[in-house]
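One file, entry-v5.cif, carrying mmCIF, C-alpha atoms:
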data_upload
#
loop_
_atom_site.group_PDB
_atom_site.id
_atom_site.type_symbol
_atom_site.label_atom_id
_atom_site.label_comp_id
_atom_site.auth_asym_id
_atom_site.auth_seq_id
_atom_site.Cartn_x
_atom_site.Cartn_y
_atom_site.Cartn_z
ATOM 1 C CA MET A 285 -20.117 24.517 -13.945
ATOM 2 C CA LYS A 286 -16.709 23.326 -15.058
ATOM 3 C CA ALA A 287 -13.754 23.026 -12.754
ATOM 4 C CA ARG A 288 -10.172 21.956 -12.956
ATOM 5 C CA VAL A 289 -7.992 20.403 -10.274
ATOM 6 C CA ASP A 290 -4.204 20.363 -10.657
ATOM 7 C CA ILE A 291 -2.321 17.839 -8.584
ATOM 8 C CA THR A 292 1.419 18.146 -8.201
ATOM 9 C CA LEU A 293 4.023 16.416 -6.095
ATOM 10 C CA LYS A 294 5.194 18.321 -3.064
ATOM 11 C CA ASN A 295 8.662 19.787 -3.106
ATOM 12 C CA GLY A 296 11.241 17.314 -1.950
ATOM 13 C CA VAL A 297 9.269 14.262 -3.048
ATOM 14 C CA LEU A 298 11.339 12.370 -5.607
ATOM 15 C CA ASP A 299 9.567 12.177 -8.946
ATOM 16 C CA PRO A 300 11.117 9.338 -10.989
ATOM 17 C CA GLN A 301 8.750 9.991 -13.899
ATOM 18 C CA GLY A 302 9.719 13.662 -14.039
ATOM 19 C CA LYS A 303 13.370 12.595 -14.009
ATOM 20 C CA ALA A 304 12.762 10.176 -16.891
ATOM 21 C CA ILE A 305 11.104 12.935 -18.918
ATOM 22 C CA GLU A 306 14.010 15.258 -18.130
ATOM 23 C CA HIS A 307 16.493 12.655 -19.396
ATOM 24 C CA ALA A 308 14.442 11.979 -22.522
ATOM 25 C CA LEU A 309 14.267 15.704 -23.318
ATOM 26 C CA GLY A 310 18.013 15.896 -22.837
ATOM 27 C CA ALA A 311 18.442 12.970 -25.236
ATOM 28 C CA LEU A 312 16.398 14.881 -27.830
ATOM 29 C CA GLY A 313 18.831 17.747 -27.581
ATOM 30 C CA PHE A 314 16.830 20.112 -25.382
ATOM 31 C CA GLY A 315 19.347 21.810 -23.130
ATOM 32 C CA GLY A 316 19.017 24.056 -20.149
ATOM 33 C CA ILE A 317 16.365 22.049 -18.313
ATOM 34 C CA ASN A 318 16.771 22.569 -14.596
ATOM 35 C CA GLY A 319 14.010 20.217 -13.556
ATOM 36 C CA VAL A 320 10.843 18.427 -14.635
ATOM 37 C CA ARG A 321 7.959 17.453 -12.378
ATOM 38 C CA GLN A 322 4.973 15.443 -13.564
ATOM 39 C CA GLY A 323 1.512 15.987 -12.146
ATOM 40 C CA LYS A 324 -2.040 15.402 -13.200
ATOM 41 C CA VAL A 325 -5.053 17.430 -14.231
ATOM 42 C CA ILE A 326 -8.608 16.412 -13.388
ATOM 43 C CA GLU A 327 -11.444 18.182 -15.192
ATOM 44 C CA LEU A 328 -14.888 18.057 -13.628
ATOM 45 C CA ASP A 329 -18.316 19.100 -14.819
ATOM 46 C CA LEU A 330 -20.479 19.917 -11.805
ATOM 47 C CA ALA A 331 -24.212 20.500 -11.464
ATOM 48 C CA GLU A 332 -23.503 23.111 -8.766
ATOM 49 C CA THR A 333 -24.011 26.700 -9.930
ATOM 50 C CA ASP A 334 -22.615 28.560 -6.903
ATOM 51 C CA PRO A 335 -18.829 28.955 -7.372
ATOM 52 C CA ALA A 336 -18.152 29.173 -3.633
ATOM 53 C CA LYS A 337 -20.066 25.981 -2.923
ATOM 54 C CA ALA A 338 -18.409 24.274 -5.861
ATOM 55 C CA GLU A 339 -15.000 25.229 -4.534
ATOM 56 C CA ALA A 340 -15.841 23.927 -1.063
ATOM 57 C CA THR A 341 -17.010 20.602 -2.532
ATOM 58 C CA LEU A 342 -13.922 20.341 -4.718
ATOM 59 C CA LYS A 343 -11.705 20.923 -1.709
ATOM 60 C CA GLU A 344 -13.431 18.090 0.097
ATOM 61 C CA MET A 345 -13.028 15.868 -2.978
ATOM 62 C CA CYS A 346 -9.305 16.638 -3.044
ATOM 63 C CA GLU A 347 -8.848 15.902 0.636
ATOM 64 C CA LYS A 348 -10.845 12.659 0.512
ATOM 65 C CA LEU A 349 -9.763 11.166 -2.791
ATOM 66 C CA LEU A 350 -8.260 13.207 -5.587
ATOM 67 C CA ALA A 351 -4.952 14.041 -3.909
ATOM 68 C CA ASN A 352 -2.788 12.114 -1.492
ATOM 69 C CA THR A 353 -1.944 15.031 0.759
ATOM 70 C CA VAL A 354 1.018 13.162 2.240
ATOM 71 C CA ILE A 355 2.906 13.637 -1.012
ATOM 72 C CA GLU A 356 0.764 15.841 -3.230
ATOM 73 C CA ASN A 357 -0.464 19.445 -3.380
ATOM 74 C CA TYR A 358 -3.628 20.399 -5.198
ATOM 75 C CA SER A 359 -5.008 23.592 -6.630
ATOM 76 C CA ILE A 360 -8.620 24.176 -7.599
ATOM 77 C CA GLU A 361 -9.879 26.379 -10.392
ATOM 78 C CA VAL A 362 -13.610 26.941 -10.850
ATOM 79 C CA LEU A 363 -14.025 27.857 -14.496
ATOM 80 C CA GLY A 364 -17.676 28.918 -14.396
ATOM 81 C CA MET B 1400 -7.776 -18.668 13.146
ATOM 82 C CA LYS B 1401 -10.656 -17.203 11.146
ATOM 83 C CA SER B 1402 -9.561 -15.131 8.202
ATOM 84 C CA ALA B 1403 -11.031 -13.260 5.279
ATOM 85 C CA VAL B 1404 -9.507 -12.049 2.033
ATOM 86 C CA ILE B 1405 -10.978 -8.898 0.516
ATOM 87 C CA VAL B 1406 -11.448 -9.053 -3.245
ATOM 88 C CA PHE B 1407 -11.407 -5.918 -5.399
ATOM 89 C CA PRO B 1408 -11.860 -5.757 -9.151
ATOM 90 C CA GLY B 1409 -8.304 -6.298 -10.393
ATOM 91 C CA SER B 1410 -7.065 -8.230 -7.368
ATOM 92 C CA ASN B 1411 -4.963 -11.137 -8.628
ATOM 93 C CA CYS B 1412 -3.279 -12.615 -5.556
ATOM 94 C CA ASP B 1413 -6.459 -13.144 -3.564
ATOM 95 C CA ARG B 1414 -6.580 -16.902 -4.084
ATOM 96 C CA ASP B 1415 -2.888 -17.406 -3.326
ATOM 97 C CA LEU B 1416 -3.317 -15.391 -0.154
ATOM 98 C CA ALA B 1417 -6.291 -17.542 0.829
ATOM 99 C CA VAL B 1418 -4.207 -20.685 0.245
ATOM 100 C CA GLY B 1419 -1.427 -19.277 2.439
ATOM 101 C CA LEU B 1420 -3.846 -18.539 5.268
ATOM 102 C CA GLU B 1421 -5.595 -21.886 4.921
ATOM 103 C CA ARG B 1422 -2.398 -23.937 4.870
ATOM 104 C CA ALA B 1423 -1.152 -22.318 8.039
ATOM 105 C CA SER B 1424 -4.420 -22.340 9.950
ATOM 106 C CA GLY B 1425 -6.200 -25.392 8.553
ATOM 107 C CA LYS B 1426 -9.260 -23.233 8.008
ATOM 108 C CA ALA B 1427 -10.463 -21.887 4.691
ATOM 109 C CA ALA B 1428 -10.348 -18.109 4.376
ATOM 110 C CA GLN B 1429 -13.599 -16.398 3.486
ATOM 111 C CA MET B 1430 -13.562 -14.326 0.330
ATOM 112 C CA VAL B 1431 -15.274 -10.964 0.789
ATOM 113 C CA TRP B 1432 -16.290 -8.750 -2.147
ATOM 114 C CA HIS B 1433 -15.359 -5.069 -1.804
ATOM 115 C CA LYS B 1434 -18.966 -3.915 -2.101
ATOM 116 C CA GLU B 1435 -19.938 -5.599 1.164
ATOM 117 C CA ALA B 1436 -20.418 -3.101 3.955
ATOM 118 C CA ALA B 1437 -19.572 -5.525 6.779
ATOM 119 C CA LEU B 1438 -17.032 -8.235 7.485
ATOM 120 C CA PRO B 1439 -18.084 -11.751 8.515
ATOM 121 C CA GLU B 1440 -18.499 -12.159 12.277
ATOM 122 C CA GLY B 1441 -15.692 -13.378 14.501
ATOM 123 C CA LEU B 1442 -12.718 -12.785 12.226
ATOM 124 C CA ASP B 1443 -9.156 -12.860 13.548
ATOM 125 C CA VAL B 1444 -7.396 -11.706 10.391
ATOM 126 C CA VAL B 1445 -8.298 -9.654 7.337
ATOM 127 C CA ALA B 1446 -5.990 -9.878 4.328
ATOM 128 C CA LEU B 1447 -5.772 -7.392 1.467
ATOM 129 C CA PRO B 1448 -4.331 -9.033 -1.637
ATOM 130 C CA GLY B 1449 -1.958 -7.918 -4.349
ATOM 131 C CA GLY B 1450 -3.054 -7.052 -7.831
ATOM 132 C CA PHE B 1451 -4.143 -3.955 -9.670
ATOM 133 C CA SER B 1452 -7.336 -2.933 -7.930
ATOM 134 C CA PHE B 1453 -9.372 -0.605 -10.130
ATOM 135 C CA GLY B 1454 -6.599 -0.678 -12.703
ATOM 136 C CA ASP B 1455 -4.327 1.391 -10.433
ATOM 137 C CA TYR B 1456 -6.344 4.411 -11.610
ATOM 138 C CA LEU B 1457 -5.732 7.765 -9.899
ATOM 139 C CA ARG B 1458 -3.154 6.294 -7.482
ATOM 140 C CA CYS B 1459 -2.422 2.649 -6.667
ATOM 141 C CA GLY B 1460 -4.944 1.520 -4.055
ATOM 142 C CA ALA B 1461 -6.687 4.911 -3.876
ATOM 143 C CA ILE B 1462 -10.063 3.808 -5.179
ATOM 144 C CA ALA B 1463 -10.067 0.455 -3.391
ATOM 145 C CA ALA B 1464 -9.396 2.263 -0.110
ATOM 146 C CA ARG B 1465 -12.677 4.188 -0.515
ATOM 147 C CA MET B 1466 -14.864 1.132 -1.167
ATOM 148 C CA PRO B 1467 -17.558 0.211 1.378
ATOM 149 C CA ILE B 1468 -15.718 -2.797 2.818
ATOM 150 C CA MET B 1469 -12.719 -0.672 3.760
ATOM 151 C CA LYS B 1470 -14.739 1.233 6.323
ATOM 152 C CA ALA B 1471 -15.377 -2.097 8.003
ATOM 153 C CA VAL B 1472 -11.704 -3.066 7.695
ATOM 154 C CA VAL B 1473 -10.600 0.216 9.282
ATOM 155 C CA ASP B 1474 -13.079 -0.330 12.140
ATOM 156 C CA PHE B 1475 -11.832 -3.903 12.534
ATOM 157 C CA ALA B 1476 -8.216 -2.689 12.740
ATOM 158 C CA ASN B 1477 -9.099 0.133 15.131
ATOM 159 C CA LYS B 1478 -10.696 -2.425 17.445
ATOM 160 C CA GLY B 1479 -7.442 -4.403 17.504
ATOM 161 C CA GLY B 1480 -8.047 -6.794 14.619
ATOM 162 C CA HIS B 1481 -5.099 -8.161 12.649
ATOM 163 C CA VAL B 1482 -4.731 -6.971 9.068
ATOM 164 C CA ILE B 1483 -2.134 -7.912 6.475
ATOM 165 C CA GLY B 1484 -1.814 -6.117 3.154
ATOM 166 C CA VAL B 1485 0.516 -7.403 0.462
ATOM 167 C CA CYS B 1486 1.712 -5.309 -2.475
ATOM 168 C CA ASN B 1487 -1.441 -3.596 -3.760
ATOM 169 C CA GLY B 1488 -2.911 -4.485 -0.360
ATOM 170 C CA PHE B 1489 -0.092 -2.454 1.263
ATOM 171 C CA GLN B 1490 -0.953 0.443 -1.055
ATOM 172 C CA VAL B 1491 -4.608 0.143 -0.016
ATOM 173 C CA LEU B 1492 -3.614 0.157 3.687
ATOM 174 C CA ILE B 1493 -1.656 3.365 3.173
ATOM 175 C CA GLU B 1494 -4.424 5.009 1.163
ATOM 176 C CA SER B 1495 -6.940 4.082 3.854
ATOM 177 C CA GLY B 1496 -4.782 5.665 6.543
ATOM 178 C CA LEU B 1497 -4.136 2.445 8.474
ATOM 179 C CA LEU B 1498 -0.416 2.756 7.773
ATOM 180 C CA PRO B 1499 1.610 5.965 7.384
ATOM 181 C CA GLY B 1500 3.845 7.206 4.583
ATOM 182 C CA ALA B 1501 3.401 6.753 0.859
ATOM 183 C CA LEU B 1502 4.360 4.337 -1.899
ATOM 184 C CA MET B 1503 5.713 6.049 -4.992
ATOM 185 C CA ARG B 1504 6.840 4.958 -8.446
ATOM 186 C CA ASN B 1505 9.985 2.771 -8.211
ATOM 187 C CA SER B 1506 13.104 4.923 -8.365
ATOM 188 C CA GLY B 1507 14.297 2.965 -11.408
ATOM 189 C CA ILE B 1508 10.949 3.679 -13.159
ATOM 190 C CA LYS B 1509 10.581 0.045 -14.215
ATOM 191 C CA PHE B 1510 8.171 -2.557 -12.962
ATOM 192 C CA VAL B 1511 10.275 -4.899 -10.816
ATOM 193 C CA CYS B 1512 9.377 -8.596 -10.859
ATOM 194 C CA LYS B 1513 11.890 -10.954 -9.249
ATOM 195 C CA ASP B 1514 12.768 -12.869 -6.113
ATOM 196 C CA VAL B 1515 14.389 -10.622 -3.521
ATOM 197 C CA GLU B 1516 16.123 -11.293 -0.235
ATOM 198 C CA LEU B 1517 14.394 -9.832 2.784
ATOM 199 C CA VAL B 1518 15.940 -9.249 6.180
ATOM 200 C CA THR B 1519 13.606 -9.648 9.132
ATOM 201 C CA ALA B 1520 13.885 -6.345 10.980
ATOM 202 C CA THR B 1521 11.869 -7.348 14.034
ATOM 203 C CA ALA B 1522 10.567 -10.595 15.472
ATOM 204 C CA ASN B 1523 8.272 -8.627 17.749
ATOM 205 C CA SER B 1524 5.049 -8.776 15.778
ATOM 206 C CA PRO B 1525 2.224 -11.228 15.181
ATOM 207 C CA PHE B 1526 3.515 -11.621 11.617
ATOM 208 C CA THR B 1527 7.163 -12.331 12.385
ATOM 209 C CA ASN B 1528 7.158 -14.159 15.720
ATOM 210 C CA THR B 1529 8.445 -17.435 14.221
ATOM 211 C CA LEU B 1530 11.403 -15.582 12.701
ATOM 212 C CA GLN B 1531 14.603 -14.282 14.241
ATOM 213 C CA LYS B 1532 15.671 -10.674 13.865
ATOM 214 C CA GLY B 1533 18.145 -10.651 10.974
ATOM 215 C CA GLN B 1534 16.761 -13.859 9.477
ATOM 216 C CA ARG B 1535 16.762 -13.769 5.697
ATOM 217 C CA LEU B 1536 13.863 -14.838 3.523
ATOM 218 C CA THR B 1537 13.530 -15.119 -0.217
ATOM 219 C CA VAL B 1538 10.217 -13.695 -1.366
ATOM 220 C CA PRO B 1539 9.165 -12.362 -4.775
ATOM 221 C CA VAL B 1540 8.359 -8.737 -5.499
ATOM 222 C CA ALA B 1541 6.229 -7.633 -8.451
ATOM 223 C CA HIS B 1542 5.385 -3.953 -8.429
ATOM 224 C CA HIS B 1543 5.716 -0.620 -10.142
ATOM 225 C CA ASP B 1544 4.984 1.581 -7.151
ATOM 226 C CA GLY B 1545 6.796 0.143 -4.161
ATOM 227 C CA ASN B 1546 9.143 2.978 -3.356
ATOM 228 C CA TYR B 1547 8.247 3.622 0.281
ATOM 229 C CA ILE B 1548 8.702 7.195 1.392
ATOM 230 C CA ALA B 1549 8.440 8.764 4.811
ATOM 231 C CA ASP B 1550 9.595 12.147 6.011
ATOM 232 C CA SER B 1551 12.410 12.194 8.558
ATOM 233 C CA ASP B 1552 10.036 12.452 11.547
ATOM 234 C CA LEU B 1553 8.002 9.439 10.440
ATOM 235 C CA LEU B 1554 11.100 7.452 9.590
ATOM 236 C CA PHE B 1555 12.558 8.162 13.020
ATOM 237 C CA LYS B 1556 9.256 7.107 14.609
ATOM 238 C CA LEU B 1557 9.136 3.840 12.643
ATOM 239 C CA GLN B 1558 12.744 3.081 13.560
ATOM 240 C CA SER B 1559 12.520 4.006 17.215
ATOM 241 C CA GLU B 1560 9.233 2.127 17.707
ATOM 242 C CA ASP B 1561 10.680 -0.971 16.001
ATOM 243 C CA ARG B 1562 7.922 -0.846 13.395
ATOM 244 C CA ILE B 1563 9.962 -1.800 10.347
ATOM 245 C CA ALA B 1564 9.061 -5.443 9.767
ATOM 246 C CA PHE B 1565 11.270 -6.250 6.775
ATOM 247 C CA ARG B 1566 14.075 -4.594 4.863
ATOM 248 C CA TYR B 1567 15.428 -5.446 1.416
ATOM 249 C CA ALA B 1568 18.937 -6.891 1.381
ATOM 250 C CA ASN B 1569 19.341 -5.203 -2.027
ATOM 251 C CA ASN B 1570 16.910 -2.349 -2.443
ATOM 252 C CA PRO B 1571 14.961 -2.903 -5.713
ATOM 253 C CA ASN B 1572 12.792 0.223 -5.716
ATOM 254 C CA GLY B 1573 14.447 3.100 -3.865
ATOM 255 C CA SER B 1574 12.496 2.736 -0.606
ATOM 256 C CA VAL B 1575 13.818 4.861 2.221
ATOM 257 C CA ASP B 1576 15.938 2.832 4.696
ATOM 258 C CA ASP B 1577 15.416 -0.239 2.430
ATOM 259 C CA ILE B 1578 11.938 -0.633 3.898
ATOM 260 C CA ALA B 1579 9.944 -3.564 2.496
ATOM 261 C CA GLY B 1580 7.226 -3.748 5.155
ATOM 262 C CA ILE B 1581 5.979 -1.761 8.145
ATOM 263 C CA LEU B 1582 3.760 -2.276 11.174
ATOM 264 C CA SER B 1583 1.031 -0.118 12.669
ATOM 265 C CA GLU B 1584 1.429 1.455 16.091
ATOM 266 C CA ASN B 1585 -0.327 -1.485 17.776
ATOM 267 C CA ARG B 1586 1.792 -3.875 15.608
ATOM 268 C CA ARG B 1587 -1.328 -5.658 14.366
ATOM 269 C CA VAL B 1588 -1.400 -4.202 10.878
ATOM 270 C CA LEU B 1589 1.379 -5.238 8.476
ATOM 271 C CA GLY B 1590 1.872 -3.838 5.010
ATOM 272 C CA MET B 1591 4.581 -5.286 2.781
ATOM 273 C CA MET B 1592 5.421 -5.044 -0.906
ATOM 274 C CA PRO B 1593 6.938 -8.558 -1.324
ATOM 275 C CA HIS B 1594 4.541 -11.458 -1.835
ATOM 276 C CA PRO B 1595 4.863 -14.185 0.837
ATOM 277 C CA GLU B 1596 1.872 -15.988 -0.688
ATOM 278 C CA ARG B 1597 3.770 -16.467 -3.939
ATOM 279 C CA LEU B 1598 6.561 -18.507 -2.401
ATOM 280 C CA ASN B 1599 4.638 -20.770 -0.120
ATOM 281 C CA ASP B 1600 5.113 -24.193 -1.656
ATOM 282 C CA PRO B 1601 8.366 -26.082 -2.291
ATOM 283 C CA ALA B 1602 6.928 -27.127 -5.655
ATOM 284 C CA LEU B 1603 7.063 -23.458 -6.645
ATOM 285 C CA GLY B 1604 10.680 -23.047 -5.595
ATOM 286 C CA GLY B 1605 10.461 -22.358 -1.882
ATOM 287 C CA ASN B 1606 8.262 -21.755 1.091
ATOM 288 C CA ASP B 1607 9.900 -18.859 2.908
ATOM 289 C CA GLY B 1608 6.617 -16.978 2.636
ATOM 290 C CA SER B 1609 4.910 -19.492 4.914
ATOM 291 C CA HIS B 1610 6.694 -18.046 7.993
ATOM 292 C CA ILE B 1611 4.422 -15.026 7.926
ATOM 293 C CA PHE B 1612 1.215 -17.074 7.892
ATOM 294 C CA GLU B 1613 2.570 -19.470 10.511
ATOM 295 C CA SER B 1614 3.540 -16.549 12.732
ATOM 296 C CA LEU B 1615 -0.009 -15.249 12.537
ATOM 297 C CA VAL B 1616 -1.432 -18.610 13.563
ATOM 298 C CA LYS B 1617 1.079 -18.909 16.394
ATOM 299 C CA GLY B 1618 0.451 -15.344 17.553
ATOM 300 C CA LEU B 1619 -3.295 -15.759 17.561
ATOM 301 C CA MET B 1620 -3.225 -19.119 19.323
ATOM 302 C CA ALA B 1621 -1.113 -17.723 22.147
ATOM 303 C CA PRO B 1622 -3.028 -16.833 25.313
ATOM 304 C CA ALA B 1623 -3.748 -13.124 25.433
#

Represent the structure from my file as structure tokens, please.
Amino acid sequence: MKARVDITLKNGVLDPQGKAIEHALGALGFGGINGVRQGKVIELDLAETDPAKAEATLKEMCEKLLANTVIENYSIEVLG
Amino acid sequence: MKSAVIVFPGSNCDRDLAVGLERASGKAAQMVWHKEAALPEGLDVVALPGGFSFGDYLRCGAIAARMPIMKAVVDFANKGGHVIGVCNGFQVLIESGLLPGALMRNSGIKFVCKDVELVTATANSPFTNTLQKGQRLTVPVAHHDGNYIADSDLLFKLQSEDRIAFRYANNPNGSVDDIAGILSENRRVLGMMPHPERLNDPALGGNDGSHIFESLVKGLMAPA
């Protein structure tokens, strides 16, 4: 079963990389950008076939390793 | 003083750190591979070196902090052992939960590699007891993710408990309150971004870094 984890910075945490992207887009002539935040996507292929169990395991993975919950939020999507 | 340096794949300051510990204590540091599940017996100090453990994948220090040896290091610290983490070692300490807060990408985006001036923020620690509060040291920094962040509650706690060990005289990375290094609640765990082990020999341009290793030796020799 495939799953996808999105990790994003919490609100209020300064994101220098997002800022750099915002400036670069501005330099390319893209106007009207109110903000850019950079995150990451982790795609997993799991042997588990029960979506609820998969989600519980993914949550544990996020808490233990995939996200730094001091500064990051995560969201889990079980794709089936 | 018996010390050990933990070595991860991608560590690159492990030998310099061992030299720093050995010069101050007169005893060779033991090198411990990250896959070990236990530390050598009878250690006084565990040191986590700088470098790019596991290629900085996922987050700096994140993977190293989950390696088998780190369980032993956390136990060692929780039992009152002394631990110093420099640069990537500081990132590993934060990822392992031994120190609070987070280290983010430098505010200026660039990797910063230069000598910086540090201001000793407290002399009340086993790592700074040969220094005076306010004493300035020149120590190199070399990092991409050294921008220390803490929410206002944590920052207040660090300040009011006198747990900021060093501040930058001229902030190179955007760290809150110019923080360059912090102490644990029991003051026996120090994490710092600047590299004392890299300026520890007059032949290399200075030895301000030696104060930290000498403080450790002095602190550990003192009667409990």

Handout entry: All residues 9 Å or closer to Gly1545 of chain B, only C-alpha atoms, same chain fewer than 3 positions away omitted, as number ranges by chain
Key = B: 1486, 1490, 1501-1506, 1541-1542, 1571-1574, 1579, 1592

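Rounded to one decimal, atom CA of Ser1410 of chain B and atom CA of Leu1530 of chain B lie 28.2 Å from each other.
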
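In this model, the gap between atom CA of Val354 of chain A and atom CA of Ala338 of chain A comes to 23.8 Å.
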
Fill in the blank from the handout: Closest of B:Gly1604, B:Gly1507, B:Pro1593, B:Gly1533 to chain A, counting all atoms listed in the file, is B:Gly1507

Practice task
Would you kindly translate the PyMOL selection byres ((chain A and resi 361-363) around 6) into the concrete residues it picks from this file, as a ChimeraX atom specification?
Solution key: /A:286-288,360,364

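Close to (11.8, -15.5, 3.0), meaning no more than 9 Å away when counting all atoms listed in the file, sit the residues Val1515, Glu1516, Leu1517, Val1518, Thr1519, Gln1534, Arg1535, Leu1536, Thr1537, Val1538, Pro1539, Pro1595, Leu1598, Gly1605, Asn1606, Asp1607, Gly1608, Ser1609, His1610 and Ile1611 of chain B.
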
Exercise for the section: To verify the selection step, state as number ranges by chain which residues the PyMOL selection byres ((chain A and resi 358) around 8) yields on this input. Expected result: A: 289-292, 346, 351, 356-357, 359-360

Problem - Point-to-point distance from atom CA of Asp1514 of chain B to atom CA of Phe1451 of chain B, Å rounded to tenths - result: 19.4 Å

Set out as a tab-separated table a contact list for chain A and chain B with a cut-off of 10 Å, giving each residue of chain A that qualifies its closest atom pair and distance in Å to one decimal, counting all atoms listed in the file, ordered by chain and rising residue number.
residue	atom	partner	partner_atom	distance
A:Gly296	CA	B:Asp1550	CA	9.6
A:Val297	CA	B:Ile1548	CA	8.4
A:Leu298	CA	B:Ser1506	CA	8.1
A:Asp299	CA	B:Arg1504	CA	7.7
A:Pro300	CA	B:Ser1506	CA	5.5
A:Gln301	CA	B:Ile1508	CA	6.7
A:Lys303	CA	B:Ile1508	CA	9.3
A:Ala304	CA	B:Ile1508	CA	7.7
A:Lys324	CA	B:Leu1457	CA	9.1
A:Ile326	CA	B:Leu1457	CA	9.8
A:Lys348	CA	B:Arg1465	CA	8.7
A:Leu349	CA	B:Ala1461	CA	7.1
A:Leu350	CA	B:Leu1457	CA	7.4
A:Ala351	CA	B:Leu1457	CA	8.7
A:Asn352	CA	B:Glu1494	CA	7.8
A:Thr353	CA	B:Ala1501	CA	9.9
A:Val354	CA	B:Ala1501	CA	7.0
A:Ile355	CA	B:Ala1501	CA	7.2

Pull out every residue that the PyMOL selection byres ((chain B and resi 1425) around 12) matches in the shown coordinates and put them as a PDB file with C-alpha atoms, in the frame of the given file.
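Result saved to selection_16.pdb:
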ATOM      1  CA  MET B1400      -7.776 -18.668  13.146  1.00  0.00           C
ATOM      2  CA  LYS B1401     -10.656 -17.203  11.146  1.00  0.00           C
ATOM      3  CA  SER B1402      -9.561 -15.131   8.202  1.00  0.00           C
ATOM      4  CA  ALA B1417      -6.291 -17.542   0.829  1.00  0.00           C
ATOM      5  CA  VAL B1418      -4.207 -20.685   0.245  1.00  0.00           C
ATOM      6  CA  GLY B1419      -1.427 -19.277   2.439  1.00  0.00           C
ATOM      7  CA  LEU B1420      -3.846 -18.539   5.268  1.00  0.00           C
ATOM      8  CA  GLU B1421      -5.595 -21.886   4.921  1.00  0.00           C
ATOM      9  CA  ARG B1422      -2.398 -23.937   4.870  1.00  0.00           C
ATOM     10  CA  ALA B1423      -1.152 -22.318   8.039  1.00  0.00           C
ATOM     11  CA  SER B1424      -4.420 -22.340   9.950  1.00  0.00           C
ATOM     12  CA  LYS B1426      -9.260 -23.233   8.008  1.00  0.00           C
ATOM     13  CA  ALA B1427     -10.463 -21.887   4.691  1.00  0.00           C
ATOM     14  CA  ALA B1428     -10.348 -18.109   4.376  1.00  0.00           C
ATOM     15  CA  PHE B1612       1.215 -17.074   7.892  1.00  0.00           C
ATOM     16  CA  GLU B1613       2.570 -19.470  10.511  1.00  0.00           C
ATOM     17  CA  VAL B1616      -1.432 -18.610  13.563  1.00  0.00           C
TER      18      VAL B1616
END

Enclosing box along x, y and z for every listed atom of segment 341-345 of chain A, padded 3 Å each side, centre and size in Å, one decimal, as AutoDock Vina command-line options:
--center_x -14.4 --center_y 18.4 --center_z -2.3 --size_x 11.3 --size_y 11.1 --size_z 10.8

Handout entry: Ala1471 of chain B surroundings by all atoms listed in the file, 6 Å radius, close-in-sequence under 3 positions cut, as a PyMOL selection string
Key = chain B and resi 1437+1468+1474

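Considering the residues B:Cys1412, B:Met1466, B:Cys1512, B:Gly1618 and counting only C-alpha atoms, His1543 of chain B has its shortest atom-to-atom contact with B:Cys1512.
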